[in-house]
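Everything below belongs to start04.cif, which stores mmCIF, N, CA and C atoms.
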```cif
data_structure
loop_
_atom_site.group_PDB
_atom_site.id
_atom_site.type_symbol
_atom_site.label_atom_id
_atom_site.label_comp_id
_atom_site.auth_asym_id
_atom_site.auth_seq_id
_atom_site.Cartn_x
_atom_site.Cartn_y
_atom_site.Cartn_z
ATOM 1 N N MET F 496 -7.859 0.881 -98.033
ATOM 2 C CA MET F 496 -7.245 1.761 -97.064
ATOM 3 C C MET F 496 -8.217 2.920 -96.819
ATOM 4 N N THR F 497 -8.401 3.199 -95.572
ATOM 5 C CA THR F 497 -9.325 4.279 -95.243
ATOM 6 C C THR F 497 -8.643 5.626 -95.413
ATOM 7 N N VAL F 498 -9.456 6.649 -95.515
ATOM 8 C CA VAL F 498 -8.944 8.009 -95.661
ATOM 9 C C VAL F 498 -8.116 8.388 -94.439
ATOM 10 N N TYR F 499 -8.530 7.934 -93.269
ATOM 11 C CA TYR F 499 -7.813 8.232 -92.035
ATOM 12 C C TYR F 499 -6.390 7.673 -92.086
ATOM 13 N N LYS F 500 -6.239 6.420 -92.522
ATOM 14 C CA LYS F 500 -4.910 5.800 -92.600
ATOM 15 C C LYS F 500 -4.049 6.511 -93.641
ATOM 16 N N PHE F 501 -4.659 6.878 -94.779
ATOM 17 C CA PHE F 501 -3.925 7.583 -95.820
ATOM 18 C C PHE F 501 -3.402 8.916 -95.302
ATOM 19 N N ARG F 502 -4.236 9.661 -94.600
ATOM 20 C CA ARG F 502 -3.822 10.949 -94.034
ATOM 21 C C ARG F 502 -2.721 10.772 -93.004
ATOM 22 N N LEU F 503 -2.855 9.755 -92.170
ATOM 23 C CA LEU F 503 -1.859 9.479 -91.144
ATOM 24 C C LEU F 503 -0.499 9.163 -91.782
ATOM 25 N N ILE F 504 -0.493 8.367 -92.837
ATOM 26 C CA ILE F 504 0.751 8.036 -93.539
ATOM 27 C C ILE F 504 1.335 9.283 -94.197
ATOM 28 N N ALA F 505 0.484 10.090 -94.832
ATOM 29 C CA ALA F 505 0.950 11.310 -95.489
ATOM 30 C C ALA F 505 1.552 12.284 -94.479
ATOM 31 N N ILE F 506 0.904 12.463 -93.350
ATOM 32 C CA ILE F 506 1.410 13.361 -92.309
ATOM 33 C C ILE F 506 2.734 12.845 -91.760
ATOM 34 N N THR F 507 2.843 11.542 -91.573
ATOM 35 C CA THR F 507 4.074 10.943 -91.069
ATOM 36 C C THR F 507 5.224 11.178 -92.047
ATOM 37 N N ILE F 508 4.960 10.985 -93.330
ATOM 38 C CA ILE F 508 5.999 11.207 -94.344
ATOM 39 C C ILE F 508 6.424 12.669 -94.358
ATOM 40 N N ILE F 509 5.476 13.571 -94.296
ATOM 41 C CA ILE F 509 5.792 15.002 -94.291
ATOM 42 C C ILE F 509 6.624 15.359 -93.068
ATOM 43 N N LEU F 510 6.249 14.851 -91.911
ATOM 44 C CA LEU F 510 7.004 15.127 -90.690
ATOM 45 C C LEU F 510 8.433 14.583 -90.774
ATOM 46 N N LEU F 511 8.591 13.410 -91.356
ATOM 47 C CA LEU F 511 9.931 12.844 -91.515
ATOM 48 C C LEU F 511 10.778 13.687 -92.476
ATOM 49 N N LEU F 512 10.161 14.164 -93.546
ATOM 50 C CA LEU F 512 10.893 15.028 -94.484
ATOM 51 C C LEU F 512 11.300 16.345 -93.832
ATOM 52 N N VAL F 513 10.397 16.932 -93.044
ATOM 53 C CA VAL F 513 10.712 18.173 -92.341
ATOM 54 C C VAL F 513 11.830 17.935 -91.334
ATOM 55 N N LEU F 514 11.758 16.855 -90.604
ATOM 56 C CA LEU F 514 12.804 16.520 -89.630
ATOM 57 C C LEU F 514 14.148 16.318 -90.324
ATOM 58 N N ALA F 515 14.142 15.627 -91.449
ATOM 59 C CA ALA F 515 15.391 15.414 -92.196
ATOM 60 C C ALA F 515 15.962 16.748 -92.677
ATOM 61 N N ALA F 516 15.109 17.638 -93.132
ATOM 62 C CA ALA F 516 15.568 18.958 -93.596
ATOM 63 C C ALA F 516 16.165 19.757 -92.445
ATOM 64 N N ILE F 517 15.553 19.694 -91.270
ATOM 65 C CA ILE F 517 16.056 20.429 -90.105
ATOM 66 C C ILE F 517 17.426 19.899 -89.697
ATOM 67 N N VAL F 518 17.563 18.589 -89.632
ATOM 68 C CA VAL F 518 18.842 17.984 -89.252
ATOM 69 C C VAL F 518 19.917 18.334 -90.275
ATOM 70 N N SER F 519 19.573 18.258 -91.553
ATOM 71 C CA SER F 519 20.526 18.591 -92.608
ATOM 72 C C SER F 519 20.939 20.053 -92.521
ATOM 73 N N ASN F 520 19.994 20.939 -92.270
ATOM 74 C CA ASN F 520 20.283 22.363 -92.170
ATOM 75 C C ASN F 520 21.186 22.655 -90.966
ATOM 76 N N GLU F 521 20.952 21.992 -89.855
ATOM 77 C CA GLU F 521 21.800 22.191 -88.668
ATOM 78 C C GLU F 521 23.221 21.712 -88.924
ATOM 79 N N ALA F 522 23.367 20.585 -89.611
ATOM 80 C CA ALA F 522 24.700 20.079 -89.931
ATOM 81 C C ALA F 522 25.424 21.055 -90.849
ATOM 82 N N PHE F 523 24.709 21.612 -91.815
ATOM 83 C CA PHE F 523 25.301 22.589 -92.725
ATOM 84 C C PHE F 523 25.720 23.843 -91.959
ATOM 85 N N ALA F 524 24.876 24.300 -91.048
ATOM 86 C CA ALA F 524 25.188 25.499 -90.263
ATOM 87 C C ALA F 524 26.422 25.272 -89.392
ATOM 88 N N GLN F 525 26.528 24.079 -88.805
ATOM 89 C CA GLN F 525 27.699 23.776 -87.986
ATOM 90 C C GLN F 525 28.960 23.734 -88.840
ATOM 91 N N LYS F 526 28.866 23.174 -90.047
ATOM 92 C CA LYS F 526 30.015 23.127 -90.946
ATOM 93 C C LYS F 526 30.421 24.543 -91.333
ATOM 94 N N GLN F 527 29.454 25.394 -91.649
ATOM 95 C CA GLN F 527 29.759 26.767 -92.003
ATOM 96 C C GLN F 527 30.436 27.488 -90.845
ATOM 97 N N ALA F 528 29.937 27.286 -89.631
ATOM 98 C CA ALA F 528 30.538 27.932 -88.468
ATOM 99 C C ALA F 528 31.977 27.472 -88.292
ATOM 100 N N LYS F 529 32.217 26.178 -88.506
ATOM 101 C CA LYS F 529 33.572 25.650 -88.388
ATOM 102 C C LYS F 529 34.463 26.267 -89.451
ATOM 103 N N ASP F 530 33.967 26.342 -90.697
ATOM 104 C CA ASP F 530 34.755 26.922 -91.772
ATOM 105 C C ASP F 530 35.076 28.390 -91.482
ATOM 106 N N GLN F 531 34.108 29.124 -90.963
ATOM 107 C CA GLN F 531 34.324 30.534 -90.664
ATOM 108 C C GLN F 531 35.349 30.702 -89.534
ATOM 109 N N SER F 532 35.399 29.767 -88.622
ATOM 110 C CA SER F 532 36.324 29.896 -87.497
ATOM 111 C C SER F 532 37.778 29.746 -87.941
ATOM 112 N N LEU F 533 37.994 29.159 -89.101
ATOM 113 C CA LEU F 533 39.356 28.985 -89.606
ATOM 114 C C LEU F 533 39.886 30.228 -90.293
ATOM 115 N N ARG F 534 39.006 31.165 -90.609
ATOM 116 C CA ARG F 534 39.422 32.352 -91.349
ATOM 117 C C ARG F 534 40.378 33.192 -90.520
ATOM 118 N N ARG F 535 41.313 33.814 -91.223
ATOM 119 C CA ARG F 535 42.348 34.599 -90.551
ATOM 120 C C ARG F 535 42.072 36.092 -90.597
ATOM 121 N N GLY F 536 40.997 36.504 -91.261
ATOM 122 C CA GLY F 536 40.562 37.885 -91.147
ATOM 123 C C GLY F 536 40.891 38.834 -92.279
ATOM 124 N N GLU F 537 41.265 38.316 -93.445
ATOM 125 C CA GLU F 537 41.516 39.215 -94.573
ATOM 126 C C GLU F 537 40.174 39.714 -95.110
ATOM 127 N N THR F 538 40.016 41.033 -95.155
ATOM 128 C CA THR F 538 38.753 41.619 -95.609
ATOM 129 C C THR F 538 38.897 42.413 -96.900
ATOM 130 N N ARG F 539 40.111 42.615 -97.352
ATOM 131 C CA ARG F 539 40.314 43.390 -98.586
ATOM 132 C C ARG F 539 39.901 42.558 -99.805
ATOM 133 N N VAL F 540 39.493 43.235 -100.855
ATOM 134 C CA VAL F 540 39.031 42.593 -102.085
ATOM 135 C C VAL F 540 40.233 42.176 -102.930
ATOM 136 N N THR F 541 40.125 41.008 -103.559
ATOM 137 C CA THR F 541 41.203 40.545 -104.436
ATOM 138 C C THR F 541 41.239 41.378 -105.714
ATOM 139 N N LEU F 542 42.403 41.409 -106.339
ATOM 140 C CA LEU F 542 42.552 42.165 -107.584
ATOM 141 C C LEU F 542 41.787 41.475 -108.715
ATOM 142 N N ASP F 543 41.409 42.252 -109.706
ATOM 143 C CA ASP F 543 40.696 41.747 -110.871
ATOM 144 C C ASP F 543 41.638 40.872 -111.704
ATOM 145 N N PRO F 544 41.256 39.633 -111.995
ATOM 146 C CA PRO F 544 42.120 38.744 -112.790
ATOM 147 C C PRO F 544 42.450 39.305 -114.170
ATOM 148 N N ALA F 545 41.586 40.125 -114.729
ATOM 149 C CA ALA F 545 41.817 40.680 -116.066
ATOM 150 C C ALA F 545 43.014 41.627 -116.113
ATOM 151 N N MET F 546 43.529 42.025 -114.966
ATOM 152 C CA MET F 546 44.694 42.917 -114.912
ATOM 153 C C MET F 546 45.968 42.229 -115.386
ATOM 154 N N PHE F 547 45.954 40.901 -115.434
ATOM 155 C CA PHE F 547 47.178 40.142 -115.685
ATOM 156 C C PHE F 547 47.147 39.486 -117.054
ATOM 157 N N SER F 548 48.269 39.546 -117.753
ATOM 158 C CA SER F 548 48.343 38.957 -119.097
ATOM 159 C C SER F 548 48.731 37.479 -119.064
ATOM 160 N N ASP F 549 49.497 37.075 -118.064
ATOM 161 C CA ASP F 549 49.904 35.668 -117.944
ATOM 162 C C ASP F 549 48.673 34.822 -117.590
ATOM 163 N N PRO F 550 48.347 33.808 -118.396
ATOM 164 C CA PRO F 550 47.139 33.010 -118.143
ATOM 165 C C PRO F 550 47.148 32.279 -116.798
ATOM 166 N N LYS F 551 48.317 31.822 -116.362
ATOM 167 C CA LYS F 551 48.397 31.112 -115.082
ATOM 168 C C LYS F 551 48.141 32.067 -113.917
ATOM 169 N N VAL F 552 48.703 33.252 -114.007
ATOM 170 C CA VAL F 552 48.493 34.257 -112.957
ATOM 171 C C VAL F 552 47.022 34.677 -112.949
ATOM 172 N N ARG F 553 46.471 34.903 -114.141
ATOM 173 C CA ARG F 553 45.066 35.292 -114.246
ATOM 174 C C ARG F 553 44.159 34.215 -113.630
ATOM 175 N N GLN F 554 44.471 32.960 -113.916
ATOM 176 C CA GLN F 554 43.666 31.865 -113.367
ATOM 177 C C GLN F 554 43.787 31.810 -111.841
ATOM 178 N N ALA F 555 44.976 32.030 -111.315
ATOM 179 C CA ALA F 555 45.167 32.012 -109.856
ATOM 180 C C ALA F 555 44.356 33.123 -109.193
ATOM 181 N N TYR F 556 44.368 34.312 -109.779
ATOM 182 C CA TYR F 556 43.590 35.422 -109.220
ATOM 183 C C TYR F 556 42.084 35.167 -109.368
ATOM 184 N N GLN F 557 41.686 34.457 -110.416
ATOM 185 C CA GLN F 557 40.267 34.110 -110.581
ATOM 186 C C GLN F 557 39.836 33.147 -109.480
ATOM 187 N N VAL F 558 40.668 32.177 -109.185
ATOM 188 C CA VAL F 558 40.359 31.223 -108.105
ATOM 189 C C VAL F 558 40.258 31.964 -106.778
ATOM 190 N N ALA F 559 41.172 32.875 -106.532
ATOM 191 C CA ALA F 559 41.138 33.651 -105.282
ATOM 192 C C ALA F 559 39.849 34.461 -105.184
ATOM 193 N N LYS F 560 39.384 34.957 -106.317
ATOM 194 C CA LYS F 560 38.147 35.740 -106.339
ATOM 195 C C LYS F 560 36.929 34.860 -106.083
ATOM 196 N N GLU F 561 36.974 33.610 -106.559
ATOM 197 C CA GLU F 561 35.828 32.707 -106.439
ATOM 198 C C GLU F 561 35.730 32.042 -105.066
ATOM 199 N N ILE F 562 36.843 31.744 -104.437
ATOM 200 C CA ILE F 562 36.808 31.035 -103.146
ATOM 201 C C ILE F 562 37.709 31.716 -102.110
ATOM 202 N N PRO F 563 37.436 32.973 -101.801
ATOM 203 C CA PRO F 563 38.313 33.693 -100.867
ATOM 204 C C PRO F 563 38.331 33.084 -99.463
ATOM 205 N N TRP F 564 37.227 32.517 -99.012
ATOM 206 C CA TRP F 564 37.181 31.951 -97.663
ATOM 207 C C TRP F 564 38.141 30.774 -97.512
ATOM 208 N N VAL F 565 38.394 30.061 -98.604
ATOM 209 C CA VAL F 565 39.340 28.938 -98.537
ATOM 210 C C VAL F 565 40.764 29.472 -98.398
ATOM 211 N N LEU F 566 41.133 30.420 -99.248
ATOM 212 C CA LEU F 566 42.493 30.971 -99.186
ATOM 213 C C LEU F 566 42.729 31.732 -97.890
ATOM 214 N N ASP F 567 41.673 32.300 -97.328
ATOM 215 C CA ASP F 567 41.828 33.013 -96.055
ATOM 216 C C ASP F 567 42.018 32.044 -94.893
ATOM 217 N N SER F 568 41.793 30.778 -95.137
ATOM 218 C CA SER F 568 41.976 29.756 -94.102
ATOM 219 C C SER F 568 43.352 29.097 -94.178
ATOM 220 N N ILE F 569 44.167 29.508 -95.139
ATOM 221 C CA ILE F 569 45.464 28.862 -95.377
ATOM 222 C C ILE F 569 46.598 29.814 -95.014
ATOM 223 N N TYR F 570 47.530 29.304 -94.262
ATOM 224 C CA TYR F 570 48.720 30.079 -93.911
ATOM 225 C C TYR F 570 49.570 30.283 -95.156
ATOM 226 N N CYS F 571 50.118 31.461 -95.319
ATOM 227 C CA CYS F 571 50.977 31.770 -96.463
ATOM 228 C C CYS F 571 52.417 31.411 -96.106
ATOM 229 N N PHE F 572 52.996 30.504 -96.841
ATOM 230 C CA PHE F 572 54.342 30.030 -96.533
ATOM 231 C C PHE F 572 55.447 30.870 -97.162
ATOM 232 N N CYS F 573 55.098 31.980 -97.818
ATOM 233 C CA CYS F 573 56.157 32.841 -98.351
ATOM 234 C C CYS F 573 56.623 33.827 -97.281
ATOM 235 N N GLN F 574 56.100 33.693 -96.099
ATOM 236 C CA GLN F 574 56.471 34.470 -94.913
ATOM 237 C C GLN F 574 56.152 35.956 -95.039
ATOM 238 N N CYS F 575 55.210 36.299 -95.902
ATOM 239 C CA CYS F 575 54.802 37.699 -96.012
ATOM 240 C C CYS F 575 53.982 38.112 -94.795
ATOM 241 N N GLU F 576 53.480 37.120 -94.061
ATOM 242 C CA GLU F 576 52.728 37.427 -92.844
ATOM 243 C C GLU F 576 53.643 38.051 -91.786
ATOM 244 N N GLU F 577 54.889 37.591 -91.739
ATOM 245 C CA GLU F 577 55.836 38.101 -90.755
ATOM 246 C C GLU F 577 56.445 39.432 -91.171
ATOM 247 N N SER F 578 56.343 39.783 -92.439
ATOM 248 C CA SER F 578 56.966 40.999 -92.957
ATOM 249 C C SER F 578 56.107 42.229 -92.653
ATOM 250 N N PRO F 579 56.670 43.228 -92.006
ATOM 251 C CA PRO F 579 55.898 44.450 -91.735
ATOM 252 C C PRO F 579 55.560 45.217 -93.015
ATOM 253 N N ALA F 580 56.280 44.966 -94.096
ATOM 254 C CA ALA F 580 56.001 45.649 -95.363
ATOM 255 C C ALA F 580 54.703 45.157 -95.994
ATOM 256 N N PHE F 581 54.402 43.869 -95.831
ATOM 257 C CA PHE F 581 53.214 43.296 -96.474
ATOM 258 C C PHE F 581 51.991 43.265 -95.567
ATOM 259 N N ARG F 582 52.181 42.984 -94.287
ATOM 260 C CA ARG F 582 51.089 42.866 -93.310
ATOM 261 C C ARG F 582 50.008 41.867 -93.757
ATOM 262 N N HIS F 583 50.423 40.757 -94.314
ATOM 263 C CA HIS F 583 49.474 39.758 -94.785
ATOM 264 C C HIS F 583 48.927 38.934 -93.630
ATOM 265 N N LYS F 584 47.670 38.549 -93.745
ATOM 266 C CA LYS F 584 47.011 37.759 -92.712
ATOM 267 C C LYS F 584 46.906 36.290 -93.091
ATOM 268 N N SER F 585 46.869 36.008 -94.403
ATOM 269 C CA SER F 585 46.705 34.643 -94.887
ATOM 270 C C SER F 585 47.149 34.584 -96.345
ATOM 271 N N LEU F 586 46.973 33.430 -96.958
ATOM 272 C CA LEU F 586 47.298 33.292 -98.375
ATOM 273 C C LEU F 586 46.431 34.221 -99.223
ATOM 274 N N LEU F 587 45.214 34.487 -98.803
ATOM 275 C CA LEU F 587 44.337 35.403 -99.536
ATOM 276 C C LEU F 587 44.955 36.793 -99.649
ATOM 277 N N SER F 588 45.700 37.201 -98.646
ATOM 278 C CA SER F 588 46.318 38.540 -98.667
ATOM 279 C C SER F 588 47.254 38.717 -99.868
ATOM 280 N N CYS F 589 47.846 37.651 -100.347
ATOM 281 C CA CYS F 589 48.745 37.739 -101.502
ATOM 282 C C CYS F 589 47.992 38.128 -102.765
ATOM 283 N N TYR F 590 46.672 37.949 -102.764
ATOM 284 C CA TYR F 590 45.870 38.227 -103.947
ATOM 285 C C TYR F 590 45.139 39.577 -103.872
ATOM 286 N N VAL F 591 45.323 40.325 -102.816
ATOM 287 C CA VAL F 591 44.733 41.659 -102.737
ATOM 288 C C VAL F 591 45.709 42.713 -103.276
ATOM 289 N N ASP F 592 46.921 42.254 -103.571
ATOM 290 C CA ASP F 592 47.908 43.114 -104.234
ATOM 291 C C ASP F 592 48.605 42.245 -105.295
ATOM 292 N N LYS F 593 49.660 42.696 -105.864
ATOM 293 C CA LYS F 593 50.325 41.951 -106.933
ATOM 294 C C LYS F 593 51.354 40.956 -106.403
ATOM 295 N N HIS F 594 51.341 40.726 -105.117
ATOM 296 C CA HIS F 594 52.332 39.828 -104.507
ATOM 297 C C HIS F 594 52.254 38.423 -105.072
ATOM 298 N N ALA F 595 51.067 37.913 -105.314
ATOM 299 C CA ALA F 595 50.931 36.541 -105.837
ATOM 300 C C ALA F 595 51.420 36.425 -107.275
ATOM 301 N N ALA F 596 51.510 37.531 -107.993
ATOM 302 C CA ALA F 596 51.949 37.502 -109.390
ATOM 303 C C ALA F 596 53.465 37.551 -109.523
ATOM 304 N N MET F 597 54.172 37.776 -108.420
ATOM 305 C CA MET F 597 55.636 37.899 -108.486
ATOM 306 C C MET F 597 56.315 36.563 -108.633
#
```

Can you give me the file's structure in the form of structure tokens?
Amino acid sequence: MTVYKFRLIAITIILLLVLAAIVSNEAFAQKQAKDQSLRRGETRVTLDPAMFSDPKVRQAYQVAKEIPWVLDSIYCFCQCEESPAFRHKSLLSCYVDKHAAM
């Protein structure tokens, strides 16, 4: 195999890898944009899980702290969104106060 053919094959492989990375990155960006579009707009910080003595409650608040964008994409079925006292925007809103621990 000549040096020219080797270089041509190497360049082709590199170009294919770069193209694959670009396509993968665009798909990821589109998925992120879609995920962000589902958010309901809760911007307040969740409470610290260490505040709670009940292990199940503590674990729930830890999950809310780790994946807030997921909980902000879910409607809260306890109807706190409709209540003027709570002013919740999504399920994530239940974790910015002690509402989820009740």

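Our summary of the geometry notes that atom CA of Ser568 of chain F is positioned 6.8 Å from atom CA of Ser585 of chain F.
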
- Have a look at F:Ile569, F:Gln557, F:Ile562, F:Thr541 and name the one nearest to Tyr590 of chain F; count only C-alpha atoms. F:Thr541

- Query: atom CA of Pro579 of chain F and atom N of Ala596 of chain F, how far apart in Å?
  - Reply: 18.2 Å

For the PyMOL selection byres (((chain F and resi 593 and name CA) around 12) and name CA), applied here, can you spell out every residue it catches as a CSV table (one decimal) with N, CA and C atoms, keeping the file's coordinate frame?
```csv
chain,number,residue,atom,x,y,z
F,541,THR,N,40.1,41.0,-103.6
F,541,THR,CA,41.2,40.5,-104.4
F,541,THR,C,41.2,41.4,-105.7
F,542,LEU,N,42.4,41.4,-106.3
F,542,LEU,CA,42.6,42.2,-107.6
F,542,LEU,C,41.8,41.5,-108.7
F,543,ASP,N,41.4,42.3,-109.7
F,543,ASP,CA,40.7,41.7,-110.9
F,543,ASP,C,41.6,40.9,-111.7
F,544,PRO,N,41.3,39.6,-112.0
F,544,PRO,CA,42.1,38.7,-112.8
F,544,PRO,C,42.4,39.3,-114.2
F,546,MET,N,43.5,42.0,-115.0
F,546,MET,CA,44.7,42.9,-114.9
F,546,MET,C,46.0,42.2,-115.4
F,547,PHE,N,46.0,40.9,-115.4
F,547,PHE,CA,47.2,40.1,-115.7
F,547,PHE,C,47.1,39.5,-117.1
F,552,VAL,N,48.7,33.3,-114.0
F,552,VAL,CA,48.5,34.3,-113.0
F,552,VAL,C,47.0,34.7,-112.9
F,553,ARG,N,46.5,34.9,-114.1
F,553,ARG,CA,45.1,35.3,-114.2
F,553,ARG,C,44.2,34.2,-113.6
F,555,ALA,N,45.0,32.0,-111.3
F,555,ALA,CA,45.2,32.0,-109.9
F,555,ALA,C,44.4,33.1,-109.2
F,556,TYR,N,44.4,34.3,-109.8
F,556,TYR,CA,43.6,35.4,-109.2
F,556,TYR,C,42.1,35.2,-109.4
F,581,PHE,N,54.4,43.9,-95.8
F,581,PHE,CA,53.2,43.3,-96.5
F,581,PHE,C,52.0,43.3,-95.6
F,587,LEU,N,45.2,34.5,-98.8
F,587,LEU,CA,44.3,35.4,-99.5
F,587,LEU,C,45.0,36.8,-99.6
F,588,SER,N,45.7,37.2,-98.6
F,588,SER,CA,46.3,38.5,-98.7
F,588,SER,C,47.3,38.7,-99.9
F,589,CYS,N,47.8,37.7,-100.3
F,589,CYS,CA,48.7,37.7,-101.5
F,589,CYS,C,48.0,38.1,-102.8
F,590,TYR,N,46.7,37.9,-102.8
F,590,TYR,CA,45.9,38.2,-103.9
F,590,TYR,C,45.1,39.6,-103.9
F,591,VAL,N,45.3,40.3,-102.8
F,591,VAL,CA,44.7,41.7,-102.7
F,591,VAL,C,45.7,42.7,-103.3
F,592,ASP,N,46.9,42.3,-103.6
F,592,ASP,CA,47.9,43.1,-104.2
F,592,ASP,C,48.6,42.2,-105.3
F,594,HIS,N,51.3,40.7,-105.1
F,594,HIS,CA,52.3,39.8,-104.5
F,594,HIS,C,52.3,38.4,-105.1
F,595,ALA,N,51.1,37.9,-105.3
F,595,ALA,CA,50.9,36.5,-105.8
F,595,ALA,C,51.4,36.4,-107.3
F,596,ALA,N,51.5,37.5,-108.0
F,596,ALA,CA,51.9,37.5,-109.4
F,596,ALA,C,53.5,37.6,-109.5
F,597,MET,N,54.2,37.8,-108.4
F,597,MET,CA,55.6,37.9,-108.5
F,597,MET,C,56.3,36.6,-108.6
```

- Quote the spacing between atom CA of His583 of chain F and atom CA of Glu537 of chain F in Å to one decimal place. 8.0 Å

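Residue nearest Cys571 of chain F, chosen from F:Leu512, F:Leu586, F:Ala505, F:Ala545 and counting all atoms listed in the file: F:Leu586.
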
Kindly list the centre and edge lengths in Å, rounded to one decimal, for the axis-aligned box that covers all listed atoms of segment 539-554 of chain F plus 5 Å on each of its six sides, as lines of an AutoDock Vina configuration file.
```
center_x = 44.5
center_y = 37.3
center_z = -108.2
size_x = 20.9
size_y = 22.3
size_z = 31.7
```

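Of the listed residues (F:Ala515, F:Ile504, F:Tyr570, F:Gln554), F:Tyr570 comes nearest to Lys584 of chain F; the distances count all atoms listed in the file.
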